[in-house]
file final.csv (CSV, C-alpha atoms and all ligand atoms)
chain,number,residue,atom,x,y,z
Z,20,MET,CA,12.0,-12.3,0.4
Z,21,LYS,CA,10.8,-9.3,2.3
Z,22,LEU,CA,9.8,-6.3,0.3
Z,23,MET,CA,8.2,-3.0,1.1
Z,24,PHE,CA,6.4,-0.6,-1.2
Z,25,LEU,CA,6.4,3.1,-0.4
Z,26,GLY,CA,4.7,5.8,-2.4
Z,27,ALA,CA,1.8,8.3,-2.2
Z,28,PRO,CA,-1.8,7.1,-2.1
Z,29,GLY,CA,-2.7,5.9,-5.5
Z,30,ALA,CA,0.9,5.6,-6.7
Z,31,GLY,CA,0.2,1.9,-7.6
Z,32,LYS,CA,1.7,0.2,-4.6
Z,33,GLY,CA,-1.2,-2.2,-4.2
Z,34,THR,CA,-1.4,-3.1,-7.9
Z,35,GLN,CA,2.4,-3.8,-8.1
Z,36,ALA,CA,2.4,-5.6,-4.8
Z,37,GLU,CA,-0.3,-8.0,-5.9
Z,38,ILE,CA,1.6,-8.8,-9.2
Z,39,VAL,CA,4.9,-9.4,-7.4
Z,40,ALA,CA,3.2,-11.4,-4.6
Z,41,LYS,CA,1.7,-13.8,-7.1
Z,42,LYS,CA,5.0,-14.3,-8.9
Z,43,TYR,CA,6.9,-15.2,-5.7
Z,44,SER,CA,3.9,-16.9,-3.9
Z,45,ILE,CA,4.2,-14.7,-0.9
Z,46,PRO,CA,1.4,-12.7,0.8
Z,47,THR,CA,0.8,-9.0,0.4
Z,48,ILE,CA,0.1,-7.4,3.7
Z,49,SER,CA,-1.8,-4.1,3.4
Z,50,THR,CA,-2.7,-2.3,6.6
Z,51,GLY,CA,-5.3,-0.3,4.6
Z,52,ALA,CA,-7.0,-3.5,3.4
Z,53,LEU,CA,-6.9,-5.0,6.9
Z,54,LEU,CA,-8.5,-1.8,8.3
Z,55,ARG,CA,-11.2,-1.6,5.6
Z,56,GLN,CA,-12.1,-5.3,6.4
Z,57,ALA,CA,-12.3,-4.4,10.1
Z,58,MET,CA,-14.6,-1.4,9.2
Z,59,LYS,CA,-16.8,-3.7,7.1
Z,60,ASP,CA,-17.0,-6.3,9.9
Z,61,GLY,CA,-17.9,-3.5,12.3
Z,62,THR,CA,-15.3,-4.6,14.8
Z,63,GLU,CA,-14.0,-2.4,17.6
Z,64,LEU,CA,-10.8,-1.8,15.6
Z,65,GLY,CA,-12.8,-0.9,12.5
Z,66,LEU,CA,-14.9,1.7,14.5
Z,67,LYS,CA,-11.7,3.2,16.0
Z,68,ALA,CA,-10.1,3.5,12.6
Z,69,LYS,CA,-13.0,4.9,10.7
Z,70,ALA,CA,-12.8,8.5,11.9
Z,71,PHE,CA,-9.1,8.7,11.0
Z,72,ILE,CA,-9.5,7.1,7.6
Z,73,ASP,CA,-12.5,9.2,6.6
Z,74,ALA,CA,-10.6,12.3,7.5
Z,75,GLY,CA,-7.6,11.3,5.4
Z,76,LYS,CA,-5.5,11.0,8.5
Z,77,LEU,CA,-3.3,8.2,9.7
Z,78,VAL,CA,-4.6,5.7,12.2
Z,79,PRO,CA,-2.5,5.9,15.4
Z,80,ASP,CA,0.8,4.1,15.3
Z,81,GLU,CA,0.1,1.7,18.2
Z,82,VAL,CA,-3.1,0.5,16.5
Z,83,VAL,CA,-1.4,-0.4,13.2
Z,84,ILE,CA,1.7,-1.7,14.8
Z,85,GLY,CA,-0.5,-4.1,16.8
Z,86,ILE,CA,-2.2,-5.3,13.6
Z,87,ILE,CA,1.0,-5.8,11.7
Z,88,LYS,CA,2.6,-7.7,14.6
Z,89,GLU,CA,-0.3,-10.1,14.7
Z,90,ARG,CA,-0.4,-10.5,10.9
Z,91,LEU,CA,3.3,-11.2,10.5
Z,92,ASN,CA,3.1,-14.0,13.0
Z,93,ASN,CA,0.9,-16.0,10.6
Z,94,ASP,CA,2.5,-19.0,9.1
Z,95,ASP,CA,2.0,-17.7,5.5
Z,96,CYS,CA,4.7,-15.0,6.2
Z,97,LYS,CA,7.4,-17.6,6.9
Z,98,ASN,CA,8.9,-17.4,3.4
Z,99,GLY,CA,8.6,-13.7,3.0
Z,100,PHE,CA,6.0,-11.1,2.4
Z,101,ILE,CA,5.3,-7.7,0.8
Z,102,LEU,CA,4.3,-4.7,2.9
Z,103,ASP,CA,1.9,-2.4,1.2
Z,104,GLY,CA,1.1,0.8,3.1
Z,105,PHE,CA,3.1,-0.1,6.2
Z,106,PRO,CA,5.2,1.6,7.6
Z,107,ARG,CA,3.9,5.1,7.1
Z,108,THR,CA,5.7,6.8,9.9
Z,109,VAL,CA,9.2,6.6,11.4
Z,110,PRO,CA,8.0,5.0,14.6
Z,111,GLN,CA,6.2,2.3,12.5
Z,112,ALA,CA,9.5,1.7,10.7
Z,113,GLU,CA,11.3,1.5,14.0
Z,114,SER,CA,8.8,-1.1,15.2
Z,115,LEU,CA,9.9,-3.4,12.4
Z,116,ASP,CA,13.5,-2.9,13.4
Z,117,ALA,CA,12.5,-3.8,17.0
Z,118,MET,CA,10.9,-7.0,15.7
Z,119,ASN,CA,14.2,-7.7,14.0
Z,120,ILE,CA,12.6,-7.7,10.6
Z,121,LYS,CA,15.1,-6.7,7.9
Z,122,MET,CA,13.7,-5.8,4.5
Z,123,ASP,CA,15.6,-7.0,1.4
Z,124,LEU,CA,14.3,-4.1,-0.7
Z,125,VAL,CA,12.2,-1.0,-0.2
Z,126,ILE,CA,10.7,0.2,-3.5
Z,127,SER,CA,9.4,3.7,-3.7
Z,128,ILE,CA,6.9,4.3,-6.6
Z,129,GLU,CA,7.3,7.9,-7.6
Z,130,VAL,CA,4.3,9.8,-9.0
Z,131,SER,CA,3.7,13.5,-9.0
Z,132,ASP,CA,0.8,14.9,-6.9
Z,133,GLU,CA,-0.9,16.3,-10.0
Z,134,ASP,CA,-1.0,12.8,-11.5
Z,135,ILE,CA,-2.2,11.2,-8.2
Z,136,ILE,CA,-5.1,13.6,-8.1
Z,137,LYS,CA,-6.1,12.8,-11.7
Z,138,ARG,CA,-5.8,9.0,-11.1
Z,139,MET,CA,-7.8,8.9,-7.9
Z,140,SER,CA,-11.0,9.9,-9.7
Z,141,GLY,CA,-11.0,6.6,-11.6
Z,142,ARG,CA,-10.1,4.3,-8.7
Z,143,ARG,CA,-12.8,1.7,-7.8
Z,144,ILE,CA,-12.9,-1.0,-5.2
Z,145,CYS,CA,-15.0,-4.2,-4.9
Z,146,SER,CA,-17.5,-3.8,-2.1
Z,147,GLU,CA,-17.2,-7.6,-1.5
Z,148,CYS,CA,-13.6,-8.8,-1.8
Z,149,GLY,CA,-11.7,-5.4,-1.8
Z,150,ALA,CA,-10.0,-5.9,-5.2
Z,151,SER,CA,-8.8,-2.7,-6.8
Z,152,TYR,CA,-9.6,-1.4,-10.3
Z,153,HIS,CA,-9.3,1.7,-12.3
Z,154,THR,CA,-11.9,2.8,-14.9
Z,155,VAL,CA,-9.0,3.6,-17.4
Z,156,HIS,CA,-5.9,1.7,-16.3
Z,157,ILE,CA,-7.5,-1.5,-14.8
Z,158,PRO,CA,-11.0,-1.8,-16.2
Z,159,THR,CA,-13.3,-4.8,-15.3
Z,160,LYS,CA,-14.7,-7.0,-18.0
Z,161,VAL,CA,-18.2,-5.9,-17.1
Z,162,GLU,CA,-18.5,-2.2,-16.0
Z,163,GLY,CA,-19.1,-1.9,-12.3
Z,164,VAL,CA,-18.7,-5.6,-11.5
Z,165,CYS,CA,-15.7,-7.2,-9.9
Z,166,ASP,CA,-13.9,-9.7,-12.2
Z,167,ALA,CA,-12.8,-11.8,-9.2
Z,168,CYS,CA,-16.0,-12.3,-7.3
Z,169,GLY,CA,-18.9,-10.5,-9.1
Z,170,GLY,CA,-19.3,-8.0,-6.3
Z,171,LYS,CA,-20.4,-4.4,-7.0
Z,172,LEU,CA,-17.6,-1.8,-7.5
Z,173,THR,CA,-17.7,1.3,-5.3
Z,174,ILE,CA,-15.6,4.4,-4.8
Z,175,ARG,CA,-13.7,4.4,-1.5
Z,176,ASP,CA,-15.0,7.1,0.8
Z,177,ASP,CA,-11.4,8.3,1.3
Z,178,ASP,CA,-10.8,8.7,-2.4
Z,179,LYS,CA,-13.0,11.8,-2.5
Z,180,PRO,CA,-11.0,14.7,-3.9
Z,181,GLU,CA,-10.9,16.7,-0.6
Z,182,THR,CA,-9.7,13.6,1.3
Z,183,VAL,CA,-7.1,12.8,-1.3
Z,184,ILE,CA,-5.5,16.2,-0.8
Z,185,SER,CA,-5.3,15.6,3.0
Z,186,ARG,CA,-3.8,12.2,2.4
Z,187,LEU,CA,-1.2,13.7,0.1
Z,188,GLU,CA,-0.3,16.2,2.7
Z,189,VAL,CA,0.0,13.4,5.3
Z,190,TYR,CA,2.2,11.4,2.9
Z,191,HIS,CA,4.7,14.3,2.3
Z,192,LYS,CA,4.9,15.1,6.0
Z,193,GLN,CA,4.8,11.8,7.7
Z,194,THR,CA,5.6,9.0,5.2
Z,195,GLU,CA,8.1,10.5,2.7
Z,196,PRO,CA,10.8,10.9,5.4
Z,197,LEU,CA,10.9,7.1,5.3
Z,198,LYS,CA,12.8,7.3,2.0
Z,199,ASP,CA,15.7,8.8,3.9
Z,200,TYR,CA,15.3,6.2,6.7
Z,201,TYR,CA,15.7,3.4,4.2
Z,202,LYS,CA,18.3,5.2,2.0
Z,203,ALA,CA,20.5,5.2,5.0
Z,204,SER,CA,20.4,1.4,5.2
Z,205,GLY,CA,21.1,1.1,1.5
Z,206,LYS,CA,17.7,-0.7,0.8
Z,207,LEU,CA,15.9,2.0,-1.1
Z,208,VAL,CA,15.3,2.0,-4.8
Z,209,LEU,CA,13.1,4.5,-6.7
Z,210,VAL,CA,10.9,3.4,-9.5
Z,211,ASN,CA,9.2,5.8,-11.9
Z,212,GLY,CA,5.5,5.3,-11.4
Z,213,MET,CA,4.4,7.4,-14.4
Z,214,ASP,CA,4.6,4.5,-16.8
Z,215,SER,CA,2.3,1.6,-17.8
Z,216,ILE,CA,1.6,-1.1,-15.2
Z,217,GLU,CA,3.7,-3.6,-17.3
Z,218,ASN,CA,6.7,-1.3,-17.6
Z,219,ILE,CA,6.7,-0.5,-13.9
Z,220,THR,CA,6.5,-4.3,-13.0
Z,221,ALA,CA,9.5,-4.9,-15.4
Z,222,GLU,CA,11.5,-2.2,-13.7
Z,223,ILE,CA,10.7,-3.7,-10.3
Z,224,GLU,CA,11.7,-7.1,-11.5
Z,225,ASN,CA,15.0,-5.7,-12.7
Z,226,LYS,CA,15.7,-4.3,-9.2
Z,227,LEU,CA,14.7,-7.7,-7.6
Z,228,ASP,CA,17.0,-9.6,-10.0
Z,229,SER,CA,19.9,-7.3,-8.9
Z,230,ILE,CA,19.4,-8.2,-5.2
Z,231,ARG,CA,18.9,-11.9,-6.0
Z,232,GLY,CA,22.2,-12.0,-7.8
F,301,LIG,P1,-4.4,2.6,2.0
F,301,LIG,O1,-5.4,1.6,1.6
F,301,LIG,O2,-3.0,2.1,2.2
F,301,LIG,O3,-4.4,3.9,1.2
F,301,LIG,O4,-4.9,3.1,3.5
F,301,LIG,C1,-6.1,3.7,3.7
F,301,LIG,C2,-6.1,4.5,5.0
F,301,LIG,O5,-5.9,3.6,6.1
F,301,LIG,C3,-5.0,5.5,5.2
F,301,LIG,O6,-5.3,6.8,4.6
F,301,LIG,C4,-4.9,5.6,6.7
F,301,LIG,O7,-5.9,6.4,7.3
F,301,LIG,C5,-5.1,4.1,7.1
F,301,LIG,N1,-3.8,3.4,7.1
F,301,LIG,C6,-3.4,2.4,6.3
F,301,LIG,N2,-2.2,2.0,6.6
F,301,LIG,C7,-1.8,2.8,7.7
F,301,LIG,C8,-0.6,2.8,8.5
F,301,LIG,N3,0.5,2.0,8.2
F,301,LIG,N4,-0.5,3.8,9.4
F,301,LIG,C9,-1.6,4.6,9.7
F,301,LIG,N5,-2.7,4.6,9.0
F,301,LIG,C10,-2.8,3.7,8.0

call {"tool": "encode", "arguments": {"input": "final.csv", "output": "structure tokens", "more": "lines below"}}
Ligand code: AMP
result
Amino acid sequence: MKLMFLGAPGAGKGTQAEIVAKKYSIPTISTGALLRQAMKDGTELGLKAKAFIDAGKLVPDEVVIGIIKERLNNDDCKNGFILDGFPRTVPQAESLDAMNIKMDLVISIEVSDEDIIKRMSGRRICSECGASYHTVHIPTKVEGVCDACGGKLTIRDDDKPETVISRLEVYHKQTEPLKDYYKASGKLVLVNGMDSIENITAEIENKLDSIRG
């Protein structure tokens, strides 16, 4: 099963991708998480990506396409995978076509800009393992401490309000056209992202059941 999540930053792609990935025992591939890990490790890739990420801009296509190609070659992708945050531009989508990767379903999680801006202020991330939380919607058992590894929670640098606004602009201009791209191939479904996490998962599972017959 090959799935793709589209949606604005903070729409809940990562949260839903993790839930669905667990259920079907397939990996979630998040270019954002791979880039954050590279920044944390201080690699050449991380250094290159940092300036773009901090400015709320997209990392150049050739860089992320290179990362994705390498990651999709891993053995754990043999039975399928979920793409979270890739592709974000038409050339990135075309690179998947060029690799002959055909998605079974493209799920766009729809949330208004107003709601995204409200949500982002509560978003937290584990400084150790990268797990995502939200002070209201996905609280940890102990405030400020990651449930999974005990690491300290922090706010992503690019979740600052001014950066979120740039990221939303980039989303509308460069990523939203992908909805038409995948609509044309009949793979696109829209899911209302302004609901509880459980209800959104249920709606996604309905759509998955319909393609699985
Ligand atoms: P995310 O965690 O998906 O919100 O990604 C965080 C940041 O990483 C984005 O704002 C971009 O700067 C960069 N990034 C992640 N995925 C991509 C991608 N597919 N193309 C370009 N930049 C990306």

call {"tool": "residues_near_ligand", "arguments": {"input": "final.csv", "ligand": "ligand LIG 301 (chain F)", "cutoff": "6 Å", "atoms": "only C-alpha atoms and all ligand atoms", "output": "ChimeraX atom specification"}}
result
/Z:28,50-52,71-72,75-79,83,104-107

call {"tool": "residues_around", "arguments": {"input": "final.csv", "residues": "Ser204 of chain Z", "least_positions_apart": "5", "cutoff": "12 Å", "atoms": "only C-alpha atoms", "output": "PDB file with C-alpha atoms, keeping the file's coordinate frame"}}
result
ATOM      1  CA  ASP Z 116      13.500  -2.900  13.400  1.00  0.00           C
ATOM      2  CA  LYS Z 121      15.100  -6.700   7.900  1.00  0.00           C
ATOM      3  CA  MET Z 122      13.700  -5.800   4.500  1.00  0.00           C
ATOM      4  CA  ASP Z 123      15.600  -7.000   1.400  1.00  0.00           C
ATOM      5  CA  LEU Z 124      14.300  -4.100  -0.700  1.00  0.00           C
ATOM      6  CA  VAL Z 125      12.200  -1.000  -0.200  1.00  0.00           C
ATOM      7  CA  LEU Z 197      10.900   7.100   5.300  1.00  0.00           C
ATOM      8  CA  LYS Z 198      12.800   7.300   2.000  1.00  0.00           C
ATOM      9  CA  ASP Z 199      15.700   8.800   3.900  1.00  0.00           C
TER      10      ASP Z 199
END

call {"tool": "atom_distance", "arguments": {"input": "final.csv", "atom1": "atom CA of Gln193 of chain Z", "atom2": "atom CA of Ser151 of chain Z"}}
result
24.6 Å

call {"tool": "closest_residue", "arguments": {"input": "final.csv", "among": "Z:Ile86, Z:Ile128, Z:Ala150, Z:Ile184", "to": "Asn211 of chain Z", "atoms": "all atoms listed in the file"}}
result
Z:Ile128

call {"tool": "closest_residue", "arguments": {"input": "final.csv", "among": "Z:Val183, Z:Met213, Z:Leu91, Z:Cys165", "to": "Met139 of chain Z", "atoms": "all atoms listed in the file"}}
result
Z:Val183

call {"tool": "atom_distance", "arguments": {"input": "final.csv", "atom1": "atom CA of Glu147 of chain Z", "atom2": "atom CA of Ile87 of chain Z"}}
result
22.6 Å

call {"tool": "closest_residue", "arguments": {"input": "final.csv", "among": "Z:Glu217, Z:Asp80, Z:Glu37, Z:Asp73", "to": "Asp178 of chain Z", "atoms": "only C-alpha atoms"}}
result
Z:Asp73

call {"tool": "closest_residue", "arguments": {"input": "final.csv", "among": "Z:Ala203, Z:Val82, Z:Ile120, Z:Ile174", "to": "Met20 of chain Z", "atoms": "all atoms listed in the file"}}
result
Z:Ile120

call {"tool": "closest_residue", "arguments": {"input": "final.csv", "among": "Z:Cys148, Z:Ala112, Z:Ile136, Z:Cys96", "to": "Ser44 of chain Z", "atoms": "all atoms listed in the file"}}
result
Z:Cys96

call {"tool": "closest_residue", "arguments": {"input": "final.csv", "among": "Z:Asn225, Z:Ser49, Z:Asn98, Z:Ser146", "to": "Gly170 of chain Z", "atoms": "all atoms listed in the file"}}
result
Z:Ser146

call {"tool": "residues_around", "arguments": {"input": "final.csv", "residues": "Ile101 of chain Z", "least_positions_apart": "6", "cutoff": "6 Å", "atoms": "all atoms listed in the file", "output": "list in words"}}
result
Lys21, Leu22, Met23, Thr47 and Ile48 of chain Z

call {"tool": "atom_distance", "arguments": {"input": "final.csv", "atom1": "atom CA of Leu172 of chain Z", "atom2": "atom CA of Ile144 of chain Z"}}
result
5.3 Å

call {"tool": "residues_around", "arguments": {"input": "final.csv", "residues": "Glu222 of chain Z", "least_positions_apart": "3", "cutoff": "10 Å", "atoms": "all atoms listed in the file", "output": "PyMOL selection string"}}
result
chain Z and resi 209-212+217-219+225-228

call {"tool": "residues_near_point", "arguments": {"input": "final.csv", "point": "(-12.9, -3.3, 15.3)", "cutoff": "12 Å", "atoms": "only C-alpha atoms", "output": "PDB file with C-alpha atoms, in the frame of the given file"}}
result
ATOM      1  CA  LEU Z  53      -6.900  -5.000   6.900  1.00  0.00           C
ATOM      2  CA  LEU Z  54      -8.500  -1.800   8.300  1.00  0.00           C
ATOM      3  CA  ARG Z  55     -11.200  -1.600   5.600  1.00  0.00           C
ATOM      4  CA  GLN Z  56     -12.100  -5.300   6.400  1.00  0.00           C
ATOM      5  CA  ALA Z  57     -12.300  -4.400  10.100  1.00  0.00           C
ATOM      6  CA  MET Z  58     -14.600  -1.400   9.200  1.00  0.00           C
ATOM      7  CA  LYS Z  59     -16.800  -3.700   7.100  1.00  0.00           C
ATOM      8  CA  ASP Z  60     -17.000  -6.300   9.900  1.00  0.00           C
ATOM      9  CA  GLY Z  61     -17.900  -3.500  12.300  1.00  0.00           C
ATOM     10  CA  THR Z  62     -15.300  -4.600  14.800  1.00  0.00           C
ATOM     11  CA  GLU Z  63     -14.000  -2.400  17.600  1.00  0.00           C
ATOM     12  CA  LEU Z  64     -10.800  -1.800  15.600  1.00  0.00           C
ATOM     13  CA  GLY Z  65     -12.800  -0.900  12.500  1.00  0.00           C
ATOM     14  CA  LEU Z  66     -14.900   1.700  14.500  1.00  0.00           C
ATOM     15  CA  LYS Z  67     -11.700   3.200  16.000  1.00  0.00           C
ATOM     16  CA  ALA Z  68     -10.100   3.500  12.600  1.00  0.00           C
ATOM     17  CA  LYS Z  69     -13.000   4.900  10.700  1.00  0.00           C
ATOM     18  CA  VAL Z  82      -3.100   0.500  16.500  1.00  0.00           C
ATOM     19  CA  ILE Z  86      -2.200  -5.300  13.600  1.00  0.00           C
TER      20      ILE Z  86
END

call {"tool": "residues_near_point", "arguments": {"input": "final.csv", "point": "(-12.1, 5.6, -12.6)", "cutoff": "8 Å", "atoms": "all atoms listed in the file", "output": "PyMOL selection string"}}
result
chain Z and resi 138-143+152-155

call {"tool": "decode", "arguments": {"input": "final.csv", "residues": "segment 160-175 of chain Z", "atoms": "N, CA, C and O atoms", "output": "mmCIF file, in the first residue's frame"}}
result
data_model
loop_
_atom_site.group_PDB
_atom_site.id
_atom_site.type_symbol
_atom_site.label_atom_id
_atom_site.label_comp_id
_atom_site.auth_asym_id
_atom_site.auth_seq_id
_atom_site.Cartn_x
_atom_site.Cartn_y
_atom_site.Cartn_z
ATOM 1 N N LYS Z 160 1.905 12.691 29.048
ATOM 2 C CA LYS Z 160 1.461 12.318 30.413
ATOM 3 C C LYS Z 160 2.069 13.282 31.427
ATOM 4 O O LYS Z 160 1.402 13.737 32.335
ATOM 5 N N VAL Z 161 3.366 13.580 31.246
ATOM 6 C CA VAL Z 161 4.035 14.557 32.118
ATOM 7 C C VAL Z 161 4.333 15.777 31.252
ATOM 8 O O VAL Z 161 4.935 15.640 30.174
ATOM 9 N N GLU Z 162 3.918 16.945 31.723
ATOM 10 C CA GLU Z 162 4.079 18.155 30.910
ATOM 11 C C GLU Z 162 5.544 18.380 30.510
ATOM 12 O O GLU Z 162 6.441 18.315 31.360
ATOM 13 N N GLY Z 163 5.765 18.617 29.240
ATOM 14 C CA GLY Z 163 7.108 18.953 28.759
ATOM 15 C C GLY Z 163 8.039 17.765 28.573
ATOM 16 O O GLY Z 163 9.201 17.939 28.206
ATOM 17 N N VAL Z 164 7.527 16.532 28.821
ATOM 18 C CA VAL Z 164 8.392 15.347 28.717
ATOM 19 C C VAL Z 164 7.786 14.360 27.720
ATOM 20 O O VAL Z 164 6.604 14.028 27.794
ATOM 21 N N CYS Z 165 8.620 13.875 26.787
ATOM 22 C CA CYS Z 165 8.141 12.951 25.747
ATOM 23 C C CYS Z 165 7.685 11.622 26.346
ATOM 24 O O CYS Z 165 8.418 11.009 27.128
ATOM 25 N N ASP Z 166 6.477 11.176 25.980
ATOM 26 C CA ASP Z 166 5.962 9.878 26.457
ATOM 27 C C ASP Z 166 6.825 8.727 25.948
ATOM 28 O O ASP Z 166 7.008 7.727 26.630
ATOM 29 N N ALA Z 167 7.338 8.872 24.712
ATOM 30 C CA ALA Z 167 8.037 7.749 24.075
ATOM 31 C C ALA Z 167 9.440 7.548 24.639
ATOM 32 O O ALA Z 167 9.851 6.413 24.884
ATOM 33 N N CYS Z 168 10.203 8.642 24.867
ATOM 34 C CA CYS Z 168 11.619 8.441 25.236
ATOM 35 C C CYS Z 168 12.056 9.262 26.454
ATOM 36 O O CYS Z 168 13.210 9.167 26.869
ATOM 37 N N GLY Z 169 11.153 10.081 27.002
ATOM 38 C CA GLY Z 169 11.539 10.864 28.183
ATOM 39 C C GLY Z 169 12.312 12.127 27.833
ATOM 40 O O GLY Z 169 12.751 12.868 28.725
ATOM 41 N N GLY Z 170 12.476 12.391 26.531
ATOM 42 C CA GLY Z 170 13.205 13.602 26.096
ATOM 43 C C GLY Z 170 12.419 14.876 26.404
ATOM 44 O O GLY Z 170 11.224 14.835 26.703
ATOM 45 N N LYS Z 171 13.137 16.000 26.308
ATOM 46 C CA LYS Z 171 12.512 17.295 26.614
ATOM 47 C C LYS Z 171 11.755 17.797 25.377
ATOM 48 O O LYS Z 171 12.257 17.728 24.254
ATOM 49 N N LEU Z 172 10.535 18.325 25.609
ATOM 50 C CA LEU Z 172 9.770 18.861 24.478
ATOM 51 C C LEU Z 172 10.200 20.294 24.182
ATOM 52 O O LEU Z 172 10.481 21.063 25.101
ATOM 53 N N THR Z 173 10.232 20.609 22.894
ATOM 54 C CA THR Z 173 10.584 21.977 22.486
ATOM 55 C C THR Z 173 9.601 22.432 21.403
ATOM 56 O O THR Z 173 8.823 21.634 20.887
ATOM 57 N N ILE Z 174 9.686 23.728 21.082
ATOM 58 C CA ILE Z 174 8.884 24.267 19.977
ATOM 59 C C ILE Z 174 9.806 24.306 18.754
ATOM 60 O O ILE Z 174 10.959 24.770 18.861
ATOM 61 N N ARG Z 175 9.331 23.780 17.632
ATOM 62 C CA ARG Z 175 10.139 23.831 16.420
ATOM 63 C C ARG Z 175 10.404 25.286 16.055
ATOM 64 O O ARG Z 175 9.495 26.101 16.113
#
